[in-house]
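Asker: So here's final.csv, just CSV, C-alpha atoms:
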chain,number,residue,atom,x,y,z
A,23,MET,CA,-19.9,-1.0,8.8
A,24,SER,CA,-17.1,-3.5,8.4
A,25,LEU,CA,-16.7,-6.5,10.7
A,26,PRO,CA,-13.9,-6.5,13.3
A,27,ILE,CA,-10.9,-8.8,12.9
A,28,ILE,CA,-9.8,-11.4,15.4
A,29,LEU,CA,-6.2,-12.6,15.8
A,30,GLU,CA,-6.4,-16.0,17.2
A,31,ALA,CA,-3.2,-17.6,18.6
A,32,ILE,CA,-2.6,-20.9,16.9
A,33,GLY,CA,-2.1,-24.1,18.8
A,34,PRO,CA,-2.0,-27.8,17.9
A,35,SER,CA,-5.6,-27.9,16.6
A,36,THR,CA,-5.1,-24.9,14.3
A,37,LEU,CA,-1.5,-25.5,13.2
A,38,GLU,CA,-2.5,-27.1,9.8
A,39,THR,CA,-4.8,-24.2,9.1
A,40,TYR,CA,-2.0,-21.7,9.7
A,41,ILE,CA,0.3,-23.6,7.4
A,42,SER,CA,-2.2,-24.0,4.6
A,43,VAL,CA,-3.4,-20.4,4.7
A,44,GLY,CA,0.2,-19.2,5.0
A,45,ILE,CA,1.2,-21.2,1.9
A,46,LYS,CA,-1.8,-20.2,-0.1
A,47,SER,CA,-1.6,-16.5,0.7
A,48,TYR,CA,2.1,-16.4,0.0
A,49,ARG,CA,1.7,-18.2,-3.3
A,50,GLU,CA,-1.1,-15.8,-4.3
A,51,HIS,CA,1.0,-12.7,-3.8
A,52,TYR,CA,4.7,-13.6,-4.2
A,53,LEU,CA,5.4,-16.2,-6.9
A,54,HIS,CA,6.8,-13.5,-9.1
A,55,LEU,CA,9.8,-13.2,-6.8
A,56,TRP,CA,11.1,-16.7,-7.5
A,57,GLU,CA,12.9,-18.4,-10.3
A,58,ASN,CA,10.4,-20.6,-12.2
A,59,GLU,CA,7.7,-19.2,-9.8
A,60,ASP,CA,8.8,-21.8,-7.3
A,61,PRO,CA,8.8,-20.5,-3.7
A,62,THR,CA,10.0,-23.8,-2.2
A,63,PRO,CA,12.9,-22.2,-0.3
A,64,TYR,CA,10.6,-19.8,1.5
A,65,ILE,CA,7.8,-22.4,2.1
A,66,SER,CA,10.3,-24.9,3.5
A,67,ASN,CA,11.7,-22.2,5.8
A,68,SER,CA,8.3,-20.9,7.0
A,69,PHE,CA,5.4,-23.2,6.5
A,70,THR,CA,6.3,-26.8,7.5
A,71,GLN,CA,5.0,-28.5,10.5
A,72,VAL,CA,8.5,-28.8,12.0
A,73,VAL,CA,9.2,-25.1,11.5
A,74,VAL,CA,5.8,-23.9,13.0
A,75,GLU,CA,6.0,-26.3,15.9
A,76,ARG,CA,9.4,-24.9,16.7
A,77,GLU,CA,8.0,-21.4,16.5
A,78,LEU,CA,5.1,-22.4,18.9
A,79,ALA,CA,7.7,-23.7,21.4
A,80,ASP,CA,9.6,-20.4,21.3
A,81,PRO,CA,8.3,-18.0,24.0
A,82,ASN,CA,9.4,-15.1,21.8
A,83,SER,CA,7.4,-16.1,18.8
A,84,PHE,CA,3.6,-15.6,18.3
A,85,ASN,CA,1.6,-17.1,15.4
A,86,TYR,CA,-2.0,-16.1,14.7
A,87,LEU,CA,-4.8,-16.8,12.4
A,88,ILE,CA,-6.5,-13.6,11.2
A,89,LYS,CA,-10.3,-14.1,11.3
A,90,VAL,CA,-13.4,-12.2,10.3
A,91,GLU,CA,-16.2,-13.8,12.2
A,92,ASP,CA,-15.5,-17.6,11.6
A,93,THR,CA,-13.6,-17.1,8.3
A,94,VAL,CA,-9.8,-17.4,8.3
A,95,VAL,CA,-8.6,-14.6,6.1
A,96,GLY,CA,-4.8,-14.6,6.7
A,97,ILE,CA,-2.0,-15.2,9.2
A,98,VAL,CA,0.4,-13.1,11.3
A,99,LYS,CA,3.7,-14.0,12.9
A,100,LEU,CA,5.3,-11.7,15.5
A,101,VAL,CA,8.6,-11.8,17.3
A,102,ARG,CA,8.2,-10.1,20.7
A,103,ASP,CA,11.8,-9.1,21.6
A,104,CYS,CA,13.5,-8.4,18.3
A,105,GLY,CA,15.9,-5.5,17.9
A,106,VAL,CA,17.4,-4.2,14.7
A,107,ASP,CA,20.4,-2.0,14.4
A,108,GLU,CA,20.4,0.4,17.4
A,109,LEU,CA,16.9,-0.7,18.5
A,110,LEU,CA,17.2,-3.1,21.5
A,111,PRO,CA,15.2,-6.3,21.6
A,112,GLU,CA,13.2,-5.1,24.7
A,113,GLU,CA,12.0,-2.0,22.8
A,114,ALA,CA,11.1,-3.5,19.4
A,115,LEU,CA,8.6,-5.9,18.1
A,116,LYS,CA,9.0,-7.4,14.7
A,117,ALA,CA,6.0,-8.1,12.5
A,118,GLU,CA,7.6,-11.0,10.6
A,119,LYS,CA,4.6,-12.2,8.6
A,120,ILE,CA,1.4,-10.4,7.6
A,121,TYR,CA,-0.3,-12.4,4.9
A,122,LEU,CA,-3.9,-12.0,3.7
A,123,LEU,CA,-5.6,-14.4,1.3
A,124,LYS,CA,-6.1,-12.6,-2.1
A,125,ALA,CA,-9.9,-12.9,-1.8
A,126,HIS,CA,-9.7,-10.7,1.4
A,127,SER,CA,-7.1,-8.1,0.2
A,128,GLY,CA,-8.1,-4.5,-0.5
A,129,GLN,CA,-10.9,-4.5,2.1
A,130,GLY,CA,-9.2,-2.5,4.8
A,131,LEU,CA,-8.2,-5.7,6.8
A,132,GLY,CA,-4.5,-5.0,6.5
A,133,LYS,CA,-4.9,-1.6,8.2
A,134,LYS,CA,-6.9,-3.3,11.0
A,135,VAL,CA,-4.2,-5.9,11.4
A,136,LEU,CA,-1.5,-3.3,11.7
A,137,GLN,CA,-3.5,-1.4,14.3
A,138,TRP,CA,-4.0,-4.7,16.3
A,139,ILE,CA,-0.2,-5.3,16.1
A,140,GLU,CA,0.6,-1.8,17.2
A,141,ASN,CA,-1.8,-2.0,20.1
A,142,HIS,CA,-0.3,-5.4,21.1
A,143,ALA,CA,3.2,-3.9,20.9
A,144,LYS,CA,2.1,-1.0,23.1
A,145,SER,CA,0.7,-3.5,25.6
A,146,LEU,CA,4.1,-5.0,25.8
A,147,ASN,CA,5.7,-1.6,26.4
A,148,LYS,CA,7.4,-1.6,23.0
A,149,LYS,CA,8.6,1.7,21.5
A,150,VAL,CA,8.8,0.5,17.9
A,151,VAL,CA,7.2,-2.0,15.5
A,152,TRP,CA,9.4,-3.0,12.5
A,153,LEU,CA,9.1,-5.2,9.5
A,154,ASP,CA,10.7,-6.0,6.1
A,155,THR,CA,8.9,-5.4,2.8
A,156,MET,CA,9.8,-5.7,-0.8
A,157,GLN,CA,11.1,-2.5,-2.4
A,158,LYS,CA,8.9,-3.2,-5.5
A,159,GLY,CA,5.2,-3.4,-5.4
A,160,ASN,CA,2.3,-2.0,-3.4
A,161,PRO,CA,3.1,-3.1,0.1
A,162,ILE,CA,5.7,-0.4,0.6
A,163,LEU,CA,3.0,2.2,-0.2
A,164,PHE,CA,0.5,0.6,2.1
A,165,TYR,CA,3.0,0.6,5.1
A,166,GLN,CA,4.1,4.2,4.4
A,167,LYS,CA,0.4,5.3,4.3
A,168,ASN,CA,0.1,3.7,7.7
A,169,GLY,CA,3.0,5.6,9.3
A,170,TYR,CA,5.9,3.3,8.6
A,171,MET,CA,9.2,4.9,7.7
A,172,VAL,CA,12.1,3.5,5.7
A,173,LYS,CA,15.0,2.7,8.0
A,174,ARG,CA,17.4,1.1,5.6
A,175,GLU,CA,17.8,-1.4,2.8
A,176,SER,CA,17.8,-5.1,3.3
A,177,GLU,CA,17.6,-8.1,0.9
A,178,VAL,CA,16.1,-11.6,0.7
A,179,THR,CA,18.9,-14.0,1.4
A,180,LEU,CA,17.1,-17.3,0.5
A,181,PRO,CA,18.3,-19.1,-2.6
A,182,ARG,CA,16.5,-18.9,-6.0
A,183,VAL,CA,15.0,-15.4,-5.5
A,184,LYS,CA,15.3,-13.5,-8.8
A,185,PRO,CA,18.2,-11.1,-8.4
A,186,SER,CA,15.9,-8.2,-9.6
A,187,GLU,CA,13.5,-9.0,-6.7
A,188,LYS,CA,15.9,-9.4,-3.7
A,189,ALA,CA,15.8,-5.7,-2.6
A,190,MET,CA,13.8,-5.0,0.5
A,191,TRP,CA,13.3,-2.2,3.0
A,192,ILE,CA,13.3,-2.4,6.7
A,193,LEU,CA,10.5,-0.2,7.9
A,194,THR,CA,9.8,1.1,11.4
A,195,LYS,CA,7.0,2.9,13.2
A,196,ARG,CA,7.5,4.6,16.6
A,197,LEU,CA,4.6,4.0,18.9
Is it possible to give me this structure as structure tokens?
Answerer:
Amino acid sequence: MSLPIILEAIGPSTLETYISVGIKSYREHYLHLWENEDPTPYISNSFTQVVVERELADPNSFNYLIKVEDTVVGIVKLVRDCGVDELLPEEALKAEKIYLLKAHSGQGLGKKVLQWIENHAKSLNKKVVWLDTMQKGNPILFYQKNGYMVKRESEVTLPRVKPSEKAMWILTKRL
């Protein structure tokens, strides 16, 4: 039997862990997207102390450590009221970041994290969870297998992403 996951809201004492696990997991999975395998534009937009402290101060933003027992295995960032296209903010929750450390990938944890996010969204009376994912690679297949549908195309807008890697999908799941 596999162990349950825990999503622990971060605070001042776990901010550095969130940042270091976020950077490490991102670098383990996404260097191929960047010119010279340098994800600095993304890291500086997502995983600096100033950025994460600003997110923690935002009542609409929720940052979590993903834990199995006492081991941190990844991170999650949710945006509670975040519409897209015709979906109104009050009916949609965005899963902005779901990153697992490579050593913990492929063990069914991603599915448990999605279930946790969907249950959390239901507790907030949301009708939809949505997220962005790269058009290339395995994540799109994972999300589709878990009931997410392609809504439309999107793209990475940060500088220095390889042109061949910019294409993304916006995926939604009705709850």
Asker: Can you tell me, as a list of chain:residue names, what residues are no more than 9 Å from Trp138 (chain A) when counting all atoms listed in the file, ignoring any on the same chain fewer than 4 positions away?
Answerer: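 Skipping anything fewer than 4 positions along the chain leaves A:Ile27, A:Ile28, A:Leu29, A:Lys133, A:Lys134, A:His142, A:Ala143.
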Asker: Taking only residues of region 75-120 of chain A that have an atom at most 7 Å from an atom of region 30-52 of chain A, what is each one's shortest atom pair and its distance in Å to one decimal, using all atoms listed in the file, in chain and number order, as a Markdown table?
Answerer:
| residue | atom | partner | partner_atom | distance |
| --- | --- | --- | --- | --- |
| A:Asn85 | CA | A:Ala31 | CA | 5.8 |
| A:Tyr86 | CA | A:Ala31 | CA | 4.3 |
| A:Leu87 | CA | A:Glu30 | CA | 5.1 |
| A:Ile88 | CA | A:Glu30 | CA | 6.5 |
| A:Gly96 | CA | A:Val43 | CA | 6.3 |
| A:Ile97 | CA | A:Gly44 | CA | 6.2 |
Asker: Would you mind reading off the distance between CA of Pro61 (chain A) and CA of Val183 (chain A), one decimal, in Å?
Answerer: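 Separating CA of Pro61 (chain A) from CA of Val183 (chain A) is a distance of 8.2 Å.
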Asker: If we draw a sphere of 7 Å around (13.3, -5.9, 8.8), which residues have at least one atom in it when counting all atoms listed in the file? Please report them as a ChimeraX atom specification.
Answerer: /A:152-154,191-193
Asker: Anything within 10 Å of (16.9, 2.6, 10.6): list those residues as a ChimeraX atom specification, counting all atoms listed in the file and sticking to the file's coordinates.
Answerer: /A:106-109,152,171-175,191-194
Asker: Store the residues of this selection in a file with C-alpha atoms, as a CSV table (one decimal), in the frame of the given file.
Answerer:
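This is the output file part_12.csv:
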chain,number,residue,atom,x,y,z
A,106,VAL,CA,17.4,-4.2,14.7
A,107,ASP,CA,20.4,-2.0,14.4
A,108,GLU,CA,20.4,0.4,17.4
A,109,LEU,CA,16.9,-0.7,18.5
A,152,TRP,CA,9.4,-3.0,12.5
A,171,MET,CA,9.2,4.9,7.7
A,172,VAL,CA,12.1,3.5,5.7
A,173,LYS,CA,15.0,2.7,8.0
A,174,ARG,CA,17.4,1.1,5.6
A,175,GLU,CA,17.8,-1.4,2.8
A,191,TRP,CA,13.3,-2.2,3.0
A,192,ILE,CA,13.3,-2.4,6.7
A,193,LEU,CA,10.5,-0.2,7.9
A,194,THR,CA,9.8,1.1,11.4
Asker: I'd like to know which of A:Gln157, A:Gly130, A:Val178, A:His54 is closest to Val90 (chain A), using only C-alpha atoms.
Answerer: A:Gly130
Asker: Tell me which of A:Lys119, A:Arg182, A:Lys124, A:Arg102 sits closest to Thr155 (chain A), counting only C-alpha atoms.
Answerer: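 Among the listed residues, A:Lys119 lies closest to Thr155 (chain A).
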Asker: Let me make sure I understand: among A:Ile120, A:Ala189, A:Phe84, A:Gly132, which one has the smallest atom-to-atom distance to Lys167 (chain A) if we use only C-alpha atoms?
Answerer: A:Gly132
Asker: Taking into account all atoms listed in the file, which residue in the set A:Lys89, A:Ser186, A:Glu140, A:Val150 is nearest to Leu122 (chain A)?
Answerer: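 Using all atoms listed in the file, Leu122 (chain A) sits closest to A:Lys89.
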Asker: Go through A:Met156, A:Asn141, A:Lys149, A:Pro161 and flag the residue nearest Leu110 (chain A), using only C-alpha atoms for the distances.
Answerer: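 Residue with the minimum atom-to-atom distance to Leu110 (chain A): A:Lys149.
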Asker: What does the distance from CA of Gln166 (chain A) to CA of Val151 (chain A) come to in Å, to one decimal?
Answerer: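 About the pair CA of Gln166 (chain A) and CA of Val151 (chain A): they are 13.1 Å apart.
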Asker: Between CA of Ala79 (chain A) and CA of Asp103 (chain A), what is the distance in Å, rounded to a tenth?
Answerer: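 Answer for the CA of Ala79 (chain A) to CA of Asp103 (chain A) separation: 15.2 Å.
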Asker: Please, what is the axis-aligned box for every listed atom of region 152-163 of chain A with 5 Å on each side, as centre and edge lengths in Å to one decimal, as lines of an AutoDock Vina configuration file?
Answerer:
center_x = 6.7
center_y = -1.9
center_z = 3.5
size_x = 18.8
size_y = 18.2
size_z = 28.0
Asker: Name the closest residue to Glu57 (chain A) among the candidates A:Leu180, A:Val73, A:Val94, A:Leu131; distances are taken between atoms, counting only C-alpha atoms.
Answerer: A:Leu180
